[in-house]
file coords01.cif (mmCIF, C-alpha atoms)
data_query
#
loop_
_atom_site.label_atom_id
_atom_site.label_comp_id
_atom_site.auth_asym_id
_atom_site.auth_seq_id
_atom_site.Cartn_x
_atom_site.Cartn_y
_atom_site.Cartn_z
CA MET A 1 0.00 0.00 0.00
CA SER A 2 1.44 3.34 -1.09
CA ILE A 3 1.14 6.35 1.17
CA THR A 4 1.80 10.04 0.58
CA ILE A 5 4.33 11.67 2.85
CA ASN A 6 4.48 15.42 3.37
CA THR A 7 7.54 16.40 5.32
CA THR A 8 10.14 19.11 5.77
CA ILE A 9 13.76 18.19 5.05
CA ASN A 10 16.51 20.69 5.78
CA GLY A 11 13.90 23.44 5.82
CA LYS A 12 12.39 22.48 2.46
CA ALA A 13 8.83 21.14 2.10
CA VAL A 14 8.85 17.78 0.32
CA SER A 15 6.01 15.53 -0.81
CA ALA A 16 6.48 12.01 -2.14
CA SER A 17 4.88 8.61 -1.92
CA ALA A 18 6.33 5.40 -0.50
CA GLU A 19 5.29 1.89 0.37
CA ALA A 20 4.08 1.60 3.98
CA SER A 21 6.90 -0.81 4.81
CA THR A 22 9.58 1.69 3.72
CA SER A 23 12.00 2.94 6.35
CA LEU A 24 12.77 6.62 6.66
CA LEU A 25 16.34 5.82 5.59
CA GLU A 26 15.16 4.14 2.37
CA PHE A 27 12.79 7.04 1.76
CA LEU A 28 15.61 9.58 2.18
CA ARG A 29 18.18 7.71 0.11
CA ASP A 30 16.19 5.93 -2.58
CA THR A 31 13.12 8.10 -3.07
CA LEU A 32 14.48 11.57 -2.33
CA GLU A 33 18.15 10.93 -3.27
CA TYR A 34 19.61 12.26 -0.02
CA LYS A 35 22.58 9.90 -0.16
CA GLY A 36 24.55 11.52 2.67
CA THR A 37 22.71 9.48 5.29
CA LYS A 38 24.34 6.05 5.29
CA LEU A 39 22.91 2.55 5.29
CA CYS A 40 24.98 0.16 7.39
CA CYS A 41 23.58 -2.33 9.94
CA ASN A 42 19.93 -1.57 9.06
CA THR A 43 18.90 -2.76 12.54
CA GLY A 44 19.38 0.37 14.65
CA GLU A 45 22.68 -0.66 16.17
CA CYS A 46 25.45 1.31 14.47
CA GLY A 47 24.20 4.89 14.12
CA ALA A 48 25.41 5.44 10.51
CA CYS A 49 21.88 6.46 9.52
CA THR A 50 21.43 9.04 12.32
CA ILE A 51 19.34 12.06 11.37
CA ILE A 52 17.68 14.76 13.46
CA TYR A 53 13.93 14.26 13.72
CA ASN A 54 11.95 17.06 15.39
CA GLY A 55 15.13 18.12 17.16
CA LYS A 56 16.18 14.66 18.32
CA PRO A 57 18.79 12.27 16.93
CA ILE A 58 17.22 9.00 15.78
CA ASN A 59 18.17 5.99 13.66
CA SER A 60 16.34 6.47 10.37
CA CYS A 61 16.72 2.78 9.44
CA VAL A 62 14.28 1.65 12.14
CA THR A 63 11.83 4.54 11.74
CA MET A 64 8.89 4.30 9.38
CA ALA A 65 8.94 6.68 6.43
CA ALA A 66 5.28 7.33 7.32
CA ASP A 67 6.45 8.94 10.55
CA ALA A 68 8.14 11.66 8.50
CA ASN A 69 4.67 13.03 7.80
CA GLY A 70 4.46 16.47 9.36
CA ALA A 71 7.94 16.16 10.87
CA GLU A 72 10.99 18.43 10.61
CA ILE A 73 14.01 16.46 9.48
CA THR A 74 17.63 17.52 9.27
CA THR A 75 20.13 15.40 7.34
CA ILE A 76 23.87 15.86 6.83
CA GLU A 77 23.10 17.75 3.58
CA GLY A 78 21.39 20.46 5.63
CA LEU A 79 24.42 21.46 7.69
CA ALA A 80 26.81 23.31 5.41
CA ASP A 81 26.04 26.86 4.33
CA GLY A 82 26.97 26.75 0.64
CA ASP A 83 30.72 26.03 0.56
CA LYS A 84 31.13 26.83 4.24
CA LEU A 85 31.07 23.71 6.33
CA HIS A 86 29.23 23.54 9.64
CA PRO A 87 31.59 23.91 12.65
CA VAL A 88 31.02 20.25 13.57
CA GLN A 89 31.99 19.12 10.05
CA GLN A 90 35.07 21.38 10.10
CA ALA A 91 36.09 20.09 13.54
CA PHE A 92 36.02 16.47 12.31
CA ILE A 93 38.40 17.45 9.48
CA ASP A 94 40.66 19.60 11.66
CA THR A 95 41.21 16.89 14.27
CA GLY A 96 41.55 14.00 11.82
CA ALA A 97 38.43 12.32 13.20
CA VAL A 98 37.60 10.94 9.74
CA GLN A 99 39.27 7.90 8.23
CA CYS A 100 37.12 5.85 5.87
CA GLY A 101 34.33 8.35 6.51
CA TYR A 102 31.37 6.00 6.32
CA CYS A 103 30.22 6.55 9.92
CA THR A 104 30.98 10.28 9.82
CA PRO A 105 27.59 11.69 8.71
CA GLY A 106 25.89 9.75 11.52
CA TYR A 107 28.43 11.00 14.06
CA ILE A 108 28.08 14.57 12.89
CA MET A 109 24.29 14.45 13.25
CA SER A 110 24.59 13.00 16.78
CA VAL A 111 27.09 15.73 17.68
CA LYS A 112 24.97 18.47 16.07
CA ALA A 113 22.02 17.31 18.20
CA LEU A 114 24.24 17.26 21.31
CA LEU A 115 25.47 20.82 20.73
CA ASP A 116 21.89 21.94 20.04
CA ARG A 117 20.98 20.59 23.49
CA THR A 118 23.96 21.93 25.37
CA LYS A 119 26.72 24.39 24.49
CA LYS A 120 29.11 23.04 27.12
CA PRO A 121 28.94 19.25 27.00
CA THR A 122 30.68 17.29 29.74
CA GLN A 123 32.71 14.17 28.99
CA ALA A 124 29.67 12.13 30.08
CA ASP A 125 27.38 14.12 27.75
CA ILE A 126 29.79 13.46 24.86
CA GLU A 127 30.02 9.75 25.59
CA GLU A 128 26.26 9.42 25.88
CA ALA A 129 25.66 11.39 22.68
CA VAL A 130 27.80 9.13 20.51
CA SER A 131 27.45 5.82 22.35
CA GLY A 132 25.00 4.72 19.64
CA ASN A 133 27.49 5.41 16.83
CA ILE A 134 30.11 2.86 15.87
CA CYS A 135 33.40 3.75 14.17
CA ARG A 136 35.66 0.90 13.09
CA CYS A 137 38.65 3.07 12.08
CA THR A 138 39.57 5.83 14.46
CA GLY A 139 39.52 4.39 17.96
CA TYR A 140 37.24 7.23 19.12
CA ALA A 141 39.85 9.49 20.74
CA LYS A 142 39.98 11.83 17.74
CA ILE A 143 36.21 11.86 17.51
CA VAL A 144 36.02 13.06 21.12
CA ASP A 145 38.67 15.71 20.24
CA ALA A 146 36.49 16.82 17.32
CA ILE A 147 33.44 17.16 19.55
CA GLN A 148 35.36 19.23 22.09
CA LEU A 149 36.75 21.45 19.34
CA ALA A 150 33.30 21.91 17.80
CA ALA A 151 31.90 22.84 21.23
CA GLN A 152 34.58 25.52 21.60
CA LYS A 153 33.91 26.94 18.15
CA LEU A 154 30.12 27.09 18.51
CA MET B 1 0.86 -4.57 3.21
CA ASP B 2 -2.10 -2.57 4.50
CA TYR B 3 -1.35 0.43 6.65
CA PHE B 4 -3.50 2.34 9.13
CA GLU B 5 -3.06 5.30 11.45
CA PRO B 6 -6.00 5.12 13.86
CA LYS B 7 -6.80 8.33 15.73
CA THR B 8 -8.51 6.73 18.73
CA VAL B 9 -8.11 3.61 20.84
CA SER B 10 -11.51 2.30 19.70
CA GLU B 11 -10.56 2.77 16.06
CA ALA B 12 -7.37 0.78 16.72
CA LEU B 13 -9.38 -1.96 18.42
CA SER B 14 -11.78 -2.22 15.45
CA LEU B 15 -8.81 -2.57 13.12
CA LEU B 16 -7.34 -5.29 15.35
CA ALA B 17 -10.68 -7.10 15.41
CA LYS B 18 -10.95 -6.91 11.64
CA HIS B 19 -7.38 -7.86 10.73
CA GLY B 20 -6.66 -10.20 13.65
CA ALA B 21 -3.40 -12.13 13.61
CA GLU B 22 -2.47 -10.52 10.26
CA ALA B 23 -2.06 -7.18 12.00
CA LYS B 24 0.94 -5.81 13.82
CA VAL B 25 0.83 -2.79 16.09
CA ILE B 26 3.72 -0.38 15.61
CA ALA B 27 4.74 2.57 17.78
CA GLY B 28 8.43 3.55 17.85
CA GLY B 29 9.20 0.83 15.33
CA THR B 30 12.71 0.00 16.55
CA ASP B 31 11.83 -3.72 16.76
CA VAL B 32 9.03 -3.98 14.20
CA MET B 33 11.03 -2.32 11.39
CA VAL B 34 13.80 -4.89 11.90
CA ASP B 35 11.21 -7.68 11.63
CA ILE B 36 9.86 -6.19 8.41
CA LYS B 37 13.33 -6.19 6.87
CA TYR B 38 14.79 -9.42 8.18
CA LYS B 39 11.97 -11.70 9.33
CA GLU B 40 8.51 -11.25 7.98
CA GLU B 41 6.34 -8.48 6.75
CA SER B 42 2.95 -8.58 8.43
CA GLY B 43 -0.19 -8.29 6.32
CA CYS B 44 -1.22 -5.10 8.03
CA LEU B 45 0.53 -2.45 10.07
CA ILE B 46 -1.36 -0.38 12.64
CA ASN B 47 0.60 2.72 13.64
CA ILE B 48 -0.78 3.89 16.99
CA LYS B 49 1.49 6.91 17.35
CA LYS B 50 -1.22 9.32 16.19
CA ILE B 51 -3.56 8.37 19.05
CA PRO B 52 -3.57 11.34 21.42
CA GLY B 53 -3.27 10.99 25.19
CA LEU B 54 -1.13 7.85 25.33
CA GLY B 55 2.20 9.55 25.93
CA ALA B 56 1.87 11.18 29.34
CA ILE B 57 3.58 10.53 32.68
CA ARG B 58 1.38 11.60 35.58
CA GLU B 59 1.10 11.15 39.32
CA ASN B 60 -1.91 9.29 40.56
CA GLY B 61 -1.87 9.25 44.34
CA ALA B 62 0.86 6.80 45.31
CA SER B 63 1.62 5.61 41.81
CA LEU B 64 2.86 6.89 38.48
CA ARG B 65 0.78 6.35 35.38
CA ILE B 66 2.83 6.07 32.25
CA GLY B 67 1.21 6.14 28.83
CA ALA B 68 2.18 3.33 26.45
CA LEU B 69 3.60 5.79 23.89
CA THR B 70 6.02 7.38 26.36
CA THR B 71 9.50 7.07 24.89
CA ILE B 72 12.36 5.60 26.89
CA ARG B 73 14.12 8.98 26.66
CA GLU B 74 11.06 10.65 28.18
CA LEU B 75 11.29 8.22 31.11
CA GLU B 76 15.01 8.85 31.40
CA THR B 77 14.59 12.64 31.46
CA SER B 78 11.52 12.66 33.72
CA GLY B 79 12.28 14.05 37.17
CA LEU B 80 9.25 12.18 38.50
CA VAL B 81 10.52 8.82 37.25
CA ARG B 82 14.04 9.46 38.54
CA ASP B 83 12.74 10.59 41.92
CA LYS B 84 9.90 8.12 42.51
CA LEU B 85 10.94 5.04 40.50
CA PRO B 86 14.74 4.99 40.45
CA VAL B 87 14.87 1.31 39.43
CA LEU B 88 12.89 2.03 36.28
CA TRP B 89 15.02 5.12 35.67
CA GLU B 90 18.22 3.05 35.82
CA ALA B 91 16.88 0.60 33.26
CA SER B 92 15.81 3.46 30.97
CA HIS B 93 19.24 5.02 31.30
CA GLN B 94 20.93 1.76 30.28
CA PHE B 95 18.53 1.16 27.39
CA ALA B 96 20.23 0.80 23.95
CA SER B 97 21.46 4.15 22.57
CA LEU B 98 20.24 7.72 22.68
CA GLN B 99 18.89 7.36 19.13
CA ILE B 100 16.85 4.31 20.11
CA ARG B 101 15.71 5.83 23.41
CA ASN B 102 14.39 8.82 21.46
CA THR B 103 12.13 6.52 19.43
CA ALA B 104 11.39 3.32 21.36
CA THR B 105 8.34 3.37 23.64
CA ILE B 106 7.77 1.67 26.96
CA GLY B 107 4.60 0.12 25.54
CA GLY B 108 6.61 -1.41 22.72
CA ASN B 109 9.25 -2.74 25.08
CA ILE B 110 6.50 -4.36 27.17
CA CYS B 111 4.40 -5.78 24.31
CA ARG B 112 7.49 -7.18 22.64
CA ALA B 113 7.59 -9.44 25.72
CA SER B 114 11.23 -10.28 25.17
CA PRO B 115 12.81 -12.07 28.16
CA SER B 116 15.61 -9.49 28.00
CA GLY B 117 13.38 -6.38 27.69
CA GLU B 118 15.17 -3.73 29.71
CA THR B 119 12.17 -2.21 31.50
CA LEU B 120 10.47 -5.50 32.35
CA THR B 121 12.30 -6.69 35.48
CA PRO B 122 11.98 -3.22 37.07
CA LEU B 123 8.22 -3.29 36.36
CA LEU B 124 8.02 -6.77 37.90
CA VAL B 125 9.73 -5.78 41.16
CA LEU B 126 7.71 -2.57 41.35
CA ASP B 127 4.47 -4.63 41.18
CA ALA B 128 3.29 -2.58 38.21
CA LYS B 129 0.07 -3.23 36.32
CA ALA B 130 -0.82 -3.01 32.64
CA LYS B 131 -4.02 -1.40 31.39
CA ILE B 132 -5.14 -3.17 28.27
CA ALA B 133 -8.05 -2.01 26.13
CA PHE B 134 -10.24 -4.67 24.48
CA SER B 135 -13.36 -4.14 22.37
CA ASP B 136 -15.49 -5.35 25.30
CA GLY B 137 -13.79 -3.17 27.90
CA GLU B 138 -10.59 -2.43 29.74
CA LYS B 139 -8.63 -4.98 31.70
CA THR B 140 -5.99 -4.38 34.37
CA GLU B 141 -3.34 -7.06 34.49
CA PRO B 142 -0.44 -7.23 36.97
CA PHE B 143 2.90 -7.80 35.25
CA ALA B 144 3.31 -10.85 37.50
CA SER B 145 0.85 -12.65 35.18
CA PHE B 146 1.27 -10.54 32.02
CA PHE B 147 4.12 -12.36 30.25
CA GLN B 148 3.32 -15.74 28.75
CA GLY B 149 6.38 -16.53 26.65
CA PRO B 150 8.76 -14.87 24.22
CA GLY B 151 6.62 -12.36 22.30
CA LYS B 152 3.46 -13.51 24.07
CA SER B 153 1.50 -11.51 26.61
CA SER B 154 -2.00 -10.85 27.90
CA VAL B 155 -2.39 -8.23 25.15
CA GLY B 156 -2.79 -11.02 22.59
CA SER B 157 -3.78 -10.10 19.05
CA LYS B 158 -6.96 -8.23 19.99
CA GLY B 159 -5.85 -5.96 22.83
CA LEU B 160 -4.02 -2.64 23.00
CA LEU B 161 -1.79 -1.69 25.91
CA THR B 162 -2.72 1.91 26.78
CA GLU B 163 -1.05 2.67 30.09
CA ILE B 164 0.94 1.20 32.93
CA ASP B 165 0.40 1.96 36.59
CA VAL B 166 3.51 1.77 38.74
CA PRO B 167 3.07 2.04 42.51
CA TYR B 168 5.75 3.91 44.44
CA PRO B 169 7.94 1.55 46.42
CA ALA B 170 7.58 1.63 50.21
CA GLN B 171 9.18 4.38 52.26
CA GLY B 172 12.78 3.46 53.07
CA SER B 173 13.11 0.95 50.25
CA ARG B 174 16.06 0.83 47.90
CA GLY B 175 16.33 -0.68 44.44
CA VAL B 176 18.87 -1.31 41.74
CA TYR B 177 18.90 -2.57 38.14
CA LEU B 178 22.04 -4.41 37.08
CA LYS B 179 22.68 -5.31 33.47
CA HIS B 180 25.38 -7.60 32.16
CA ALA B 181 26.35 -7.06 28.53
CA VAL B 182 29.54 -6.91 26.47
CA ARG B 183 29.10 -3.35 25.22
CA GLY B 184 27.80 -0.66 27.52
CA ALA B 185 25.54 0.89 24.92
CA MET B 186 23.30 -0.87 22.41
CA ASP B 187 23.86 -4.38 23.66
CA ILE B 188 21.01 -6.65 24.66
CA ALA B 189 21.40 -7.88 28.24
CA MET B 190 22.87 -11.36 28.70
CA VAL B 191 21.32 -11.11 32.13
CA GLY B 192 19.40 -8.30 33.81
CA VAL B 193 18.60 -8.32 37.53
CA ALA B 194 16.38 -5.87 39.39
CA VAL B 195 16.40 -5.90 43.20
CA LEU B 196 14.10 -3.92 45.48
CA ILE B 197 14.29 -4.27 49.25
CA THR B 198 12.51 -2.67 52.19
CA PRO B 199 14.10 -3.05 55.64
CA ASP B 200 12.03 -3.14 58.83
CA ALA B 201 11.71 0.05 60.92
CA ALA B 202 14.79 -0.77 62.99
CA LYS B 203 16.75 -1.50 59.78
CA ASN B 204 17.76 -4.89 61.11
CA SER B 205 16.04 -7.25 58.73
CA LEU B 206 14.47 -7.53 55.30
CA GLN B 207 10.78 -6.74 55.61
CA ASP B 208 10.25 -7.09 51.88
CA VAL B 209 12.50 -8.37 49.09
CA ARG B 210 11.78 -8.50 45.38
CA ILE B 211 14.13 -9.91 42.79
CA GLY B 212 13.42 -9.76 39.07
CA LEU B 213 15.44 -11.85 36.60
CA GLY B 214 15.70 -10.97 32.90
CA ALA B 215 17.02 -12.90 29.87
CA VAL B 216 17.27 -16.17 31.80
CA ALA B 217 13.87 -17.83 31.16
CA PRO B 218 11.13 -17.71 28.49
CA THR B 219 9.72 -14.65 30.30
CA PRO B 220 11.16 -12.16 32.76
CA LEU B 221 10.38 -13.58 36.19
CA ARG B 222 10.47 -12.98 39.93
CA ALA B 223 12.79 -15.21 41.99
CA SER B 224 9.93 -15.90 44.36
CA LYS B 225 11.50 -18.78 46.32
CA THR B 226 14.56 -16.67 47.03
CA GLU B 227 12.36 -13.74 48.04
CA ALA B 228 10.37 -15.92 50.47
CA MET B 229 13.54 -17.42 51.92
CA LEU B 230 14.97 -13.93 52.63
CA ARG B 231 11.87 -12.25 54.01
CA GLY B 232 12.03 -11.31 57.69
CA LYS B 233 15.74 -12.10 58.04
CA PRO B 234 18.80 -9.91 58.57
CA LEU B 235 21.10 -10.07 55.53
CA THR B 236 24.21 -11.95 56.66
CA ALA B 237 27.10 -13.04 54.46
CA ALA B 238 25.96 -16.67 54.66
CA LEU B 239 22.39 -15.77 53.76
CA LEU B 240 23.58 -13.59 50.87
CA LYS B 241 25.52 -16.53 49.42
CA GLU B 242 22.58 -18.88 49.82
CA ALA B 243 20.16 -16.38 48.25
CA ALA B 244 22.39 -15.77 45.22
CA ALA B 245 22.71 -19.51 44.58
CA MET B 246 18.97 -19.99 45.00
CA ALA B 247 18.19 -17.20 42.53
CA ALA B 248 20.50 -18.88 40.00
CA SER B 249 18.58 -22.14 40.47
CA GLU B 250 15.27 -20.34 39.80
CA ALA B 251 16.54 -19.23 36.39
CA SER B 252 16.14 -21.52 33.38
CA PRO B 253 18.43 -19.90 30.82
CA ILE B 254 19.20 -21.03 27.30
CA SER B 255 22.50 -20.99 25.44
CA ASP B 256 22.61 -18.64 22.47
CA GLN B 257 25.06 -16.41 20.61
CA ARG B 258 25.29 -14.02 23.55
CA SER B 259 26.26 -16.56 26.21
CA SER B 260 25.90 -20.12 27.44
CA ALA B 261 23.22 -21.17 29.91
CA GLU B 262 25.90 -22.04 32.45
CA TYR B 263 27.49 -18.60 32.21
CA ARG B 264 24.10 -16.94 32.55
CA ARG B 265 23.49 -18.80 35.82
CA TRP B 266 26.83 -17.58 37.18
CA ILE B 267 25.89 -14.05 36.24
CA VAL B 268 22.46 -14.36 37.92
CA GLU B 269 24.27 -15.47 41.06
CA ALA B 270 26.77 -12.61 40.88
CA LEU B 271 24.23 -9.89 40.07
CA THR B 272 21.77 -11.09 42.71
CA ARG B 273 24.53 -11.02 45.32
CA ARG B 274 25.68 -7.59 44.17
CA GLY B 275 22.14 -6.23 44.02
CA LEU B 276 21.21 -7.45 47.50
CA GLU B 277 24.47 -6.19 48.96
CA GLN B 278 24.13 -2.74 47.38
CA THR B 279 20.50 -2.23 48.31
CA TRP B 280 21.02 -3.53 51.86
CA LYS B 281 23.85 -1.06 52.36
CA ALA B 282 21.85 1.79 50.84
CA ALA B 283 18.69 1.03 52.80
CA THR B 284 20.20 0.24 56.23
CA GLY B 285 23.53 2.06 56.17
CA LYS B 286 25.11 -1.22 57.30
CA GLU B 287 27.55 -3.63 55.73
CA VAL B 288 26.44 -7.22 55.24
CA ALA B 289 27.62 -8.92 58.45
#
call {"tool": "encode", "arguments": {"input": "coords01.cif", "output": "structure tokens"}}
result
Amino acid sequence: MSITINTTINGKAVSASAEASTSLLEFLRDTLEYKGTKLCCNTGECGACTIIYNGKPINSCVTMAADANGAEITTIEGLADGDKLHPVQQAFIDTGAVQCGYCTPGYIMSVKALLDRTKKPTQADIEEAVSGNICRCTGYAKIVDAIQLAAQKL
Amino acid sequence: MDYFEPKTVSEALSLLAKHGAEAKVIAGGTDVMVDIKYKEESGCLINIKKIPGLGAIRENGASLRIGALTTIRELETSGLVRDKLPVLWEASHQFASLQIRNTATIGGNICRASPSGETLTPLLVLDAKAKIAFSDGEKTEPFASFFQGPGKSSVGSKGLLTEIDVPYPAQGSRGVYLKHAVRGAMDIAMVGVAVLITPDAAKNSLQDVRIGLGAVAPTPLRASKTEAMLRGKPLTAALLKEAAAMAASEASPISDQRSSAEYRRWIVEALTRRGLEQTWKAATGKEVA
């Protein structure tokens, strides 16, 4: 059964239809061509598909596309201002927190949501914010450095 | 696959009556979406998230009423839950990841009826009750008799869990939820143990003891023999050892990819001992003698 979804993505009103069984991740990537949000475990365990949904970080792979109806969604594509990267994106580059890069959009969305909640995150806040994101390259220390740098810059 | 977004509980119940076993109720979706992708797609999906009034946390005399659509993050960030039901708060705090806590609902965690469901042993030791709507009326079911097997509960295929009622534990009681898993975040518990004790007025003995065991039987369960054995006694080192071993014998774990049955029993023993020791110390200010 196909349903019509009216949603707002990165401030832009979008309307499209999808099968009821479609996940929000599939809707974003395959229907709307927002390829920045990554598909990885597809079971809500790795955080690569993290987006901000009505102000909160969620795993789009285990959310129904139908739940995008009437929601405000921010994806990684919505962060940069033209050629100027968002401070969180820049901080990941400046600290070398990116290796293969596949988990990075998910991390950046989790960190963006953290810094939207609090301007001065504690170590515990940082660990909680990214505990649902897995990185298999960096060993996490540089990611924590990036988050601290982004917090200083914002 | 048919898809519905009922706007009222009665509309949801009519849909359940019409579509029966074909239908699956979905709220947060963190479990159901995984089923759709990797197991089976149900014939009909009933999304209850648009039903108003099912997402509130409110005080009701000496209990807290929690709507089925309350997210785990809402529990975790609720001052009322943290203050009045610390055992449930601890389980919410240790629940999966922030992303999942922002989406998953307590109603979903309950209706999933997984032996390892994080909130279930706390609800068992708190003597909580489920309010289930059926087309012929509402039923209140204590969690002690709610779980019938993995994925099976009193909700069945025709009912809708609307709210849970969680009584405040007795004055002077102390509780703890202990989870054993490989990863801190995201991991499903190999074993989860909730302990809630109330000492007598003189703080010399255990007036009430409740022990909930998770992920070690087809349903979450209370270690009722151990509880009965402990009641009325001061917690001594010898009694603590005996109680931990007894709790392990009340578990009937399976071996799976997360751990062997034998290992799970050891962990039940260790966590029961730890839980009793911690709560005794917190409630009486005394070491276990």
call {"tool": "residues_around", "arguments": {"input": "coords01.cif", "residues": "range 48-64 of chain B", "least_positions_apart": "5", "cutoff": "6 Å", "atoms": "only C-alpha atoms", "output": "PyMOL selection string"}}
result
chain B and resi 7-8+27+69-70+165-168
call {"tool": "closest_residue", "arguments": {"input": "coords01.cif", "among": "A:Ile147, A:Ile58, A:Ile108, A:Ala80", "to": "Thr95 in chain A", "atoms": "all atoms listed in the file"}}
result
A:Ile147
call {"tool": "residues_around", "arguments": {"input": "coords01.cif", "residues": "Ser92 in chain B", "least_positions_apart": "3", "cutoff": "7 Å", "atoms": "all atoms listed in the file", "output": "count of residues only"}}
result
7
call {"tool": "resolve_selection", "arguments": {"input": "coords01.cif", "expression": "the PyMOL selection byres ((chain A) within 7 of (chain B))", "output": "ChimeraX atom specification"}}
result
/A:1,20,43-45,56-59,62-64,129,131-132
call {"tool": "atom_distance", "arguments": {"input": "coords01.cif", "atom1": "CA of Ala251 in chain B", "atom2": "CA of Val182 in chain B"}}
result
20.5 Å
call {"tool": "closest_residue", "arguments": {"input": "coords01.cif", "among": "A:Gln123, A:Thr74, A:Ser23, A:Ser17", "to": "Gly55 in chain A", "atoms": "all atoms listed in the file"}}
result
A:Thr74
call {"tool": "resolve_selection", "arguments": {"input": "coords01.cif", "expression": "the PyMOL selection byres ((chain A and resi 118-120) around 12)", "output": "list in words"}}
result
Val111, Lys112, Ala113, Leu114, Leu115, Asp116, Arg117, Pro121, Thr122, Gln123, Ala124, Asp125, Ile126, Ala129, Ile147, Gln148, Leu149, Ala150, Ala151, Gln152, Lys153 and Leu154 of chain A
call {"tool": "residues_near_point", "arguments": {"input": "coords01.cif", "point": "(17.2, 12.0, 2.8)", "cutoff": "10 Å", "atoms": "only C-alpha atoms", "output": "PyMOL selection string"}}
result
chain A and resi 9-10+24-38+49+51+60+73-78
call {"tool": "atom_distance", "arguments": {"input": "coords01.cif", "atom1": "CA of Lys142 in chain A", "atom2": "CA of Tyr53 in chain A"}}
result
26.5 Å
call {"tool": "atom_distance", "arguments": {"input": "coords01.cif", "atom1": "CA of Leu276 in chain B", "atom2": "CA of Ala244 in chain B"}}
result
8.7 Å
call {"tool": "closest_residue", "arguments": {"input": "coords01.cif", "among": "B:Ala91, B:Leu16, B:Leu85, B:Leu196", "to": "Ala282 in chain B", "atoms": "only C-alpha atoms"}}
result
B:Leu196
call {"tool": "closest_residue", "arguments": {"input": "coords01.cif", "among": "B:Ala289, B:Leu124, B:Leu239, B:Ile267", "to": "Val87 in chain B", "atoms": "all atoms listed in the file"}}
result
B:Leu124
call {"tool": "closest_residue", "arguments": {"input": "coords01.cif", "among": "B:Ser10, B:Thr121, B:Thr272, B:Ser205", "to": "Asp136 in chain B", "atoms": "only C-alpha atoms"}}
result
B:Ser10
call {"tool": "residues_around", "arguments": {"input": "coords01.cif", "residues": "range 253-264 of chain B", "least_positions_apart": "5", "cutoff": "9 Å", "atoms": "all atoms listed in the file", "output": "PDB file with C-alpha atoms, in the frame of the given file"}}
result
ATOM      1  CA  ALA B 181      26.350  -7.060  28.530  1.00  0.00           C
ATOM      2  CA  VAL B 182      29.540  -6.910  26.470  1.00  0.00           C
ATOM      3  CA  ILE B 188      21.010  -6.650  24.660  1.00  0.00           C
ATOM      4  CA  ALA B 189      21.400  -7.880  28.240  1.00  0.00           C
ATOM      5  CA  MET B 190      22.870 -11.360  28.700  1.00  0.00           C
ATOM      6  CA  VAL B 191      21.320 -11.110  32.130  1.00  0.00           C
ATOM      7  CA  ALA B 215      17.020 -12.900  29.870  1.00  0.00           C
ATOM      8  CA  VAL B 216      17.270 -16.170  31.800  1.00  0.00           C
ATOM      9  CA  ALA B 217      13.870 -17.830  31.160  1.00  0.00           C
ATOM     10  CA  PRO B 218      11.130 -17.710  28.490  1.00  0.00           C
ATOM     11  CA  ALA B 248      20.500 -18.880  40.000  1.00  0.00           C
ATOM     12  CA  GLU B 269      24.270 -15.470  41.060  1.00  0.00           C
TER      13      GLU B 269
END
